[in-house]
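Enquirer: Got run.cif for you, mmCIF, C-alpha atoms and all ligand atoms:
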data_work
loop_
_atom_site.label_atom_id
_atom_site.label_comp_id
_atom_site.auth_asym_id
_atom_site.auth_seq_id
_atom_site.Cartn_x
_atom_site.Cartn_y
_atom_site.Cartn_z
CA MET A 1 84.94 73.21 130.26
CA GLU A 2 83.77 76.45 131.79
CA ILE A 3 83.19 79.51 129.60
CA GLU A 4 82.75 82.77 131.48
CA ILE A 5 81.22 85.57 129.43
CA LEU A 6 83.15 88.71 130.38
CA GLY A 7 81.53 90.71 127.60
CA CYS A 8 79.37 89.86 124.59
CA TYR A 9 78.07 93.03 122.92
CA GLY A 10 78.75 94.63 119.55
CA ASN A 11 79.50 97.98 121.10
CA ILE A 12 80.62 99.39 124.43
CA SER A 13 77.90 101.42 126.03
CA GLY A 14 76.90 101.79 129.67
CA GLU A 15 76.86 98.34 131.24
CA TYR A 16 77.32 96.57 127.89
CA ARG A 17 80.83 95.29 127.34
CA ALA A 18 82.82 94.05 124.34
CA THR A 19 83.49 90.43 123.37
CA SER A 20 85.63 88.35 125.69
CA PHE A 21 85.18 84.74 126.84
CA LEU A 22 87.32 83.30 129.63
CA ILE A 23 87.78 79.54 129.29
CA ASN A 24 88.73 77.48 132.36
CA ASP A 25 89.96 80.67 134.08
CA THR A 26 93.15 80.73 131.99
CA ILE A 27 92.38 81.13 128.27
CA LEU A 28 90.89 84.30 126.84
CA LEU A 29 88.98 83.91 123.58
CA ASP A 30 88.99 87.48 122.32
CA ALA A 31 90.00 90.29 124.61
CA GLY A 32 87.43 93.06 124.35
CA THR A 33 86.91 93.14 128.12
CA VAL A 34 89.46 92.03 130.68
CA THR A 35 90.70 94.29 133.45
CA GLU A 36 87.32 96.03 133.84
CA VAL A 37 85.84 92.86 135.32
CA LEU A 38 88.69 90.69 136.60
CA ASP A 39 90.69 91.50 139.72
CA ASP A 40 94.47 91.07 139.86
CA ARG A 41 94.26 87.54 141.27
CA ARG A 42 92.19 86.42 138.29
CA ILE A 43 94.16 88.46 135.74
CA LYS A 44 97.29 86.61 136.89
CA GLN A 45 95.70 83.27 135.94
CA ILE A 46 95.41 84.25 132.27
CA LYS A 47 98.21 82.56 130.36
CA ASP A 48 96.87 82.40 126.81
CA THR A 49 94.77 84.61 124.59
CA VAL A 50 93.23 83.65 121.26
CA ILE A 51 92.16 86.44 118.93
CA THR A 52 89.49 86.04 116.23
CA HIS A 53 90.23 89.34 114.46
CA THR A 54 91.74 92.74 115.01
CA HIS A 55 88.71 94.99 115.37
CA ILE A 56 89.21 97.10 118.46
CA ASP A 57 86.19 95.69 120.33
CA HIS A 58 87.92 92.28 120.30
CA ILE A 59 91.41 93.36 121.32
CA LYS A 60 91.23 96.53 123.40
CA GLY A 61 91.53 94.54 126.64
CA LEU A 62 95.01 93.41 125.60
CA PHE A 63 96.50 96.82 126.33
CA PRO A 64 95.58 97.16 130.01
CA LEU A 65 96.06 93.39 130.46
CA ALA A 66 99.69 93.56 129.32
CA ASP A 67 100.30 96.64 131.41
CA GLU A 68 98.75 95.13 134.56
CA LEU A 69 100.65 91.84 134.18
CA VAL A 70 103.98 93.60 133.76
CA MET A 71 103.27 95.62 136.91
CA MET A 72 102.67 92.35 138.76
CA GLY A 73 105.99 90.95 137.53
CA GLU A 74 104.35 88.37 135.25
CA ARG A 75 105.87 87.37 131.90
CA GLY A 76 105.19 85.37 128.78
CA ILE A 77 101.48 85.39 128.04
CA LYS A 78 100.82 83.77 124.65
CA LEU A 79 98.71 85.43 121.98
CA PHE A 80 97.40 83.10 119.29
CA GLY A 81 95.94 84.11 115.96
CA VAL A 82 96.17 83.11 112.31
CA GLU A 83 99.11 84.65 110.49
CA ARG A 84 97.16 87.55 108.97
CA VAL A 85 95.80 88.51 112.41
CA ILE A 86 99.27 88.34 113.98
CA GLU A 87 100.64 90.54 111.16
CA ILE A 88 98.03 93.23 111.75
CA ILE A 89 98.65 93.15 115.51
CA THR A 90 102.43 93.45 115.02
CA LYS A 91 102.14 96.30 112.57
CA ASN A 92 99.35 98.32 114.12
CA LEU A 93 98.98 97.61 117.82
CA PHE A 94 102.17 96.83 119.69
CA ASN A 95 104.18 99.30 117.65
CA ASN A 96 105.23 101.90 120.25
CA LEU A 97 102.90 104.41 118.60
CA ILE A 98 99.52 103.69 120.10
CA TRP A 99 100.82 101.46 122.93
CA PRO A 100 104.22 100.23 124.10
CA ASP A 101 105.50 97.15 122.28
CA PHE A 102 104.83 94.50 124.91
CA THR A 103 106.25 91.85 122.57
CA VAL A 104 109.72 93.12 123.57
CA ILE A 105 108.92 94.47 127.05
CA PRO A 106 110.56 94.03 129.50
CA SER A 107 113.05 92.27 127.20
CA LYS A 108 113.06 90.35 123.92
CA THR A 109 113.81 87.06 125.63
CA GLU A 110 111.32 87.55 128.45
CA ALA A 111 108.58 89.45 126.64
CA MET A 112 105.18 90.05 128.19
CA ILE A 113 103.37 88.95 125.03
CA ASN A 114 104.57 86.15 122.78
CA LEU A 115 102.82 86.09 119.40
CA GLU A 116 102.02 82.62 118.05
CA SER A 117 100.74 81.98 114.53
CA ILE A 118 98.14 79.25 114.13
CA GLU A 119 97.00 77.60 110.92
CA LEU A 120 93.54 77.87 109.43
CA GLU A 121 91.42 74.75 110.06
CA LYS A 122 94.27 73.08 112.00
CA GLU A 123 93.49 72.11 115.57
CA PHE A 124 95.91 73.27 118.26
CA GLY A 125 95.92 72.67 121.98
CA ILE A 126 96.17 74.79 125.11
CA LYS A 127 96.18 72.79 128.36
CA GLY A 128 93.73 70.15 127.27
CA VAL A 129 91.52 72.56 125.35
CA THR A 130 91.67 72.29 121.56
CA LEU A 131 90.84 75.13 119.20
CA ARG A 132 90.41 75.05 115.45
CA PRO A 133 90.20 78.32 113.49
CA ILE A 134 87.68 78.56 110.65
CA LEU A 135 87.73 81.41 108.12
CA MET A 136 84.66 83.65 108.42
CA THR A 137 83.20 86.42 106.22
CA HIS A 138 83.78 89.80 107.85
CA THR A 139 85.22 93.17 106.79
CA VAL A 140 88.67 92.20 108.08
CA TYR A 141 90.37 88.78 108.16
CA THR A 142 88.46 86.85 110.84
CA THR A 143 88.38 83.32 112.15
CA GLY A 144 85.66 81.63 114.14
CA PHE A 145 86.60 78.67 116.32
CA VAL A 146 85.71 75.13 117.23
CA VAL A 147 86.58 74.84 120.94
CA LYS A 148 86.65 71.45 122.63
CA GLU A 149 87.77 69.66 125.75
CA GLY A 150 87.48 65.91 126.13
CA GLY A 151 85.63 65.58 122.83
CA ARG A 152 82.87 68.05 123.70
CA GLY A 153 82.65 71.74 123.07
CA PHE A 154 81.13 74.68 121.25
CA MET A 155 81.63 76.78 118.14
CA PHE A 156 81.97 80.55 117.96
CA THR A 157 81.30 82.49 114.76
CA ALA A 158 83.24 85.56 115.97
CA ASP A 159 82.07 88.48 113.78
CA THR A 160 80.61 87.27 110.53
CA GLY A 161 78.11 87.91 107.79
CA PRO A 162 76.64 85.16 105.64
CA THR A 163 79.29 82.47 105.27
CA LYS A 164 79.65 78.85 104.18
CA ARG A 165 82.58 76.96 105.66
CA PHE A 166 81.68 77.52 109.32
CA TRP A 167 78.24 75.96 108.86
CA GLU A 168 79.70 73.00 106.97
CA VAL A 169 82.06 72.45 109.91
CA VAL A 170 79.10 72.59 112.33
CA LYS A 171 77.64 69.66 110.38
CA GLU A 172 80.92 67.73 110.29
CA GLU A 173 81.98 68.21 113.91
CA LYS A 174 80.96 65.83 116.68
CA GLY A 175 80.27 66.79 120.28
CA ILE A 176 79.20 70.38 119.65
CA GLU A 177 76.78 71.40 122.42
CA PHE A 178 76.02 74.91 121.22
CA ILE A 179 76.97 77.70 118.85
CA ILE A 180 77.67 81.28 119.82
CA ALA A 181 76.59 83.32 116.80
CA ASP A 182 76.91 86.97 115.79
CA VAL A 183 73.56 88.71 115.49
CA SER A 184 74.43 92.41 115.58
CA PHE A 185 71.42 93.99 113.91
CA PRO A 186 67.61 93.66 113.88
CA ASN A 187 65.94 92.01 110.89
CA ARG A 188 64.91 95.32 109.33
CA MET A 189 68.60 96.26 108.95
CA GLU A 190 69.60 93.25 106.89
CA HIS A 191 71.35 95.39 104.28
CA LEU A 192 73.60 97.07 106.84
CA ALA A 193 74.29 93.71 108.50
CA ARG A 194 75.41 92.21 105.19
CA ILE A 195 77.69 95.08 104.15
CA SER A 196 79.26 95.32 107.60
CA GLY A 197 79.89 91.57 107.83
CA HIS A 198 77.37 90.69 110.50
CA MET A 199 74.09 88.80 110.74
CA THR A 200 70.50 89.47 111.69
CA LEU A 201 68.35 86.76 113.22
CA SER A 202 66.75 86.17 109.81
CA ILE A 203 70.15 85.70 108.15
CA LEU A 204 71.15 83.29 110.93
CA MET A 205 67.92 81.31 110.47
CA GLU A 206 68.57 81.08 106.71
CA HIS A 207 71.82 79.28 107.55
CA ILE A 208 70.19 77.02 110.14
CA GLU A 209 67.64 75.93 107.58
CA LYS A 210 70.00 75.71 104.62
CA TYR A 211 72.45 73.47 106.48
CA GLY A 212 69.77 71.38 108.19
CA LEU A 213 70.82 72.41 111.69
CA LYS A 214 67.41 72.82 113.29
CA GLY A 215 67.44 71.81 116.92
CA ILE A 216 70.96 72.99 117.67
CA LYS A 217 71.31 75.29 120.68
CA ILE A 218 72.39 78.84 119.78
CA TYR A 219 73.44 81.79 121.90
CA LEU A 220 73.27 85.19 120.25
CA THR A 221 76.27 87.45 120.72
CA HIS A 222 77.62 90.80 119.49
CA ILE A 223 74.22 92.48 119.68
CA LYS A 224 74.45 96.24 119.27
CA PRO A 225 73.11 97.51 122.62
CA PHE A 226 71.21 100.22 120.75
CA PHE A 227 69.14 97.54 118.99
CA LEU A 228 68.77 95.13 121.92
CA LYS A 229 65.01 95.63 122.34
CA GLU A 230 64.37 95.27 118.64
CA ILE A 231 66.43 92.09 118.38
CA LEU A 232 64.58 90.66 121.39
CA ALA A 233 61.31 91.41 119.58
CA ASP A 234 62.67 89.63 116.47
CA LEU A 235 63.51 86.67 118.69
CA GLU A 236 60.08 86.59 120.26
CA GLY A 237 58.48 86.46 116.85
CA LEU A 238 60.53 83.41 115.96
CA ASP A 239 59.24 79.88 116.41
CA TYR A 240 62.60 78.45 117.48
CA ARG A 241 63.03 77.93 121.19
CA GLU A 242 66.65 76.81 121.09
CA ILE A 243 67.94 80.35 120.58
CA GLU A 244 68.65 82.66 123.47
CA LEU A 245 70.77 85.69 124.24
CA LEU A 246 74.26 85.15 125.53
CA ARG A 247 74.34 86.73 128.99
CA GLN A 248 77.20 88.92 130.07
CA GLY A 249 78.63 87.70 133.37
CA SER A 250 77.18 84.20 132.95
CA LYS A 251 79.11 80.93 132.92
CA LEU A 252 78.43 78.17 130.43
CA ILE A 253 79.49 74.70 131.48
CA ILE A 254 80.13 71.86 129.02
ZN ZN A 301 84.60 92.88 113.78
ZN ZN A 302 83.10 93.06 116.90
#
Take the structure in this file and express it as structure tokens.

Expert:
Amino acid sequence: MEIEILGCYGNISGEYRATSFLINDTILLDAGTVTEVLDDRRIKQIKDTVITHTHIDHIKGLFPLADELVMMGERGIKLFGVERVIEIITKNLFNNLIWPDFTVIPSKTEAMINLESIELEKEFGIKGVTLRPILMTHTVYTTGFVVKEGGRGFMFTADTGPTKRFWEVVKEEKGIEFIIADVSFPNRMEHLARISGHMTLSILMEHIEKYGLKGIKIYLTHIKPFFLKEILADLEGLDYREIELLRQGSKLII
């Protein structure tokens, strides 16, 4: 499995782009950044999108993506999310108020975007890749994911504060090569991280220790660009070499 990091920051600022991972060239896991970095040939290859939650930095790429695909004469991209996420998208996004309703454009039977509800904790498959949504702890209904192909894969926390189930699943799952974990704020802003449903490095380490996960490889994501230097300093002060920053534009191969 190849995971291309189109964007991995907790805000959009200068060169720093919002969360979006392209799996095997065809599946988008979150859609914060799409048409800014992919040309039309690559946009055309996207057939499925999986959304963790409805905050704008995770979905804003859907709007130009749908528009661009329609222009190219494409149809029928699938958008997967748990029921609550699909409900929010239906009501607030593709509602003809802030963007045309691409779930009925160009026609109901041949819509550009087909919404598909998935069930919490239940594995579903997209072209040999399996995904399993896990409920996280954020300010809006959010699911992280176990993503696997051929029995090996990774886990993604999406946006989350301190949480329990995800870390239990990390322990239960087999074949997990790394975790992509939300660390939005520096350690000194732990209070803000907690109330906004995010983590600091120290909160993340609490979970690693509590669940006996020392040694597991972790990539940090959703860093607020404004605090990048400070978070890097937090990381340097940590005696745990298996953690590194997720790099925008990089490809992870499993
Ligand atoms: Zn969020
Ligand atoms: Zn976010």

Enquirer: Hey, can you check how far atom CA of Arg241 of chain A sits from atom CA of Gly151 of chain A?

Expert: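 Computed distance, atom CA of Arg241 of chain A to atom CA of Gly151 of chain A, equals 25.8 Å.
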
Enquirer: Write as a list in words the residues around ligand ZN 302 (chain A), taking 9 Å as the cut-off and counting all atoms listed in the file.

Expert: Tyr9, Gly10, Asn11, Ala18, Thr19, Gly32, His53, Thr54, His55, Ile56, Asp57, His58, Ala158, Asp159, Thr160, Asp182, Ser184, His198 and His222 of chain A

Enquirer: One decimal, Å: what's the distance from atom CA of Thr157 of chain A over to atom CA of Ile180 of chain A, could you say?

Expert: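 If I compute the distance from atom CA of Thr157 of chain A to atom CA of Ile180 of chain A, I get 6.3 Å.
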
Enquirer: Nearest to Asp67 of chain A among A:Asp30, A:Asp101, A:Glu110, A:Glu244, with distances taken over all atoms listed in the file: which residue is it?

Expert: A:Asp101

Enquirer: Hey, what's within 12 Å of segment 4-6 of chain A if we count all atoms listed in the file and toss same-chain stuff fewer than 2 positions away? As number ranges by chain, please?

Expert: A: 1-2, 8-9, 15-38, 58, 61, 180, 219, 221-222, 245-254

Enquirer: At what distance in Å, to one decimal, does atom CA of Arg42 of chain A lie from atom CA of Ile98 of chain A?

Expert: 26.1 Å

Enquirer: Which of these residues is nearest to ligand ZN 301 (chain A), using all atoms listed in the file: A:Leu131, A:Met72, A:Val140, A:Ala193?

Expert: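 Between A:Leu131, A:Met72, A:Val140, A:Ala193, the residue approaching ligand ZN 301 (chain A) most closely is A:Val140.
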
Enquirer: List the spatial neighbours of Ala233 of chain A as a PyMOL selection string - criterion: any atom at most 10 Å away, all atoms listed in the file, same-chain residues fewer than 6 positions off excluded.

Expert: chain A and resi 186-187+227

Enquirer: Dump as a PyMOL selection string all residues having an atom at most 12 Å from (98.4, 73.2, 123.5), computed in the file's coordinates with all atoms listed in the file.

Expert: chain A and resi 27+47-48+50+78+80+116+118+123-132+148-149

Enquirer: List the spatial neighbours of Glu177 of chain A as a ChimeraX atom specification - criterion: any atom at most 8 Å away, all atoms listed in the file, same-chain residues fewer than 6 positions off excluded.

Expert: /A:152-154,216-217,254

Enquirer: I want to know what sits within 9 Å of segment 163-172 of chain A, based on only C-alpha atoms, with residues of the same chain fewer than 2 positions away left out; could you give that as number ranges by chain?

Expert: A: 134-138, 144-146, 155, 157, 160-161, 174, 176, 179, 207-208, 211-213
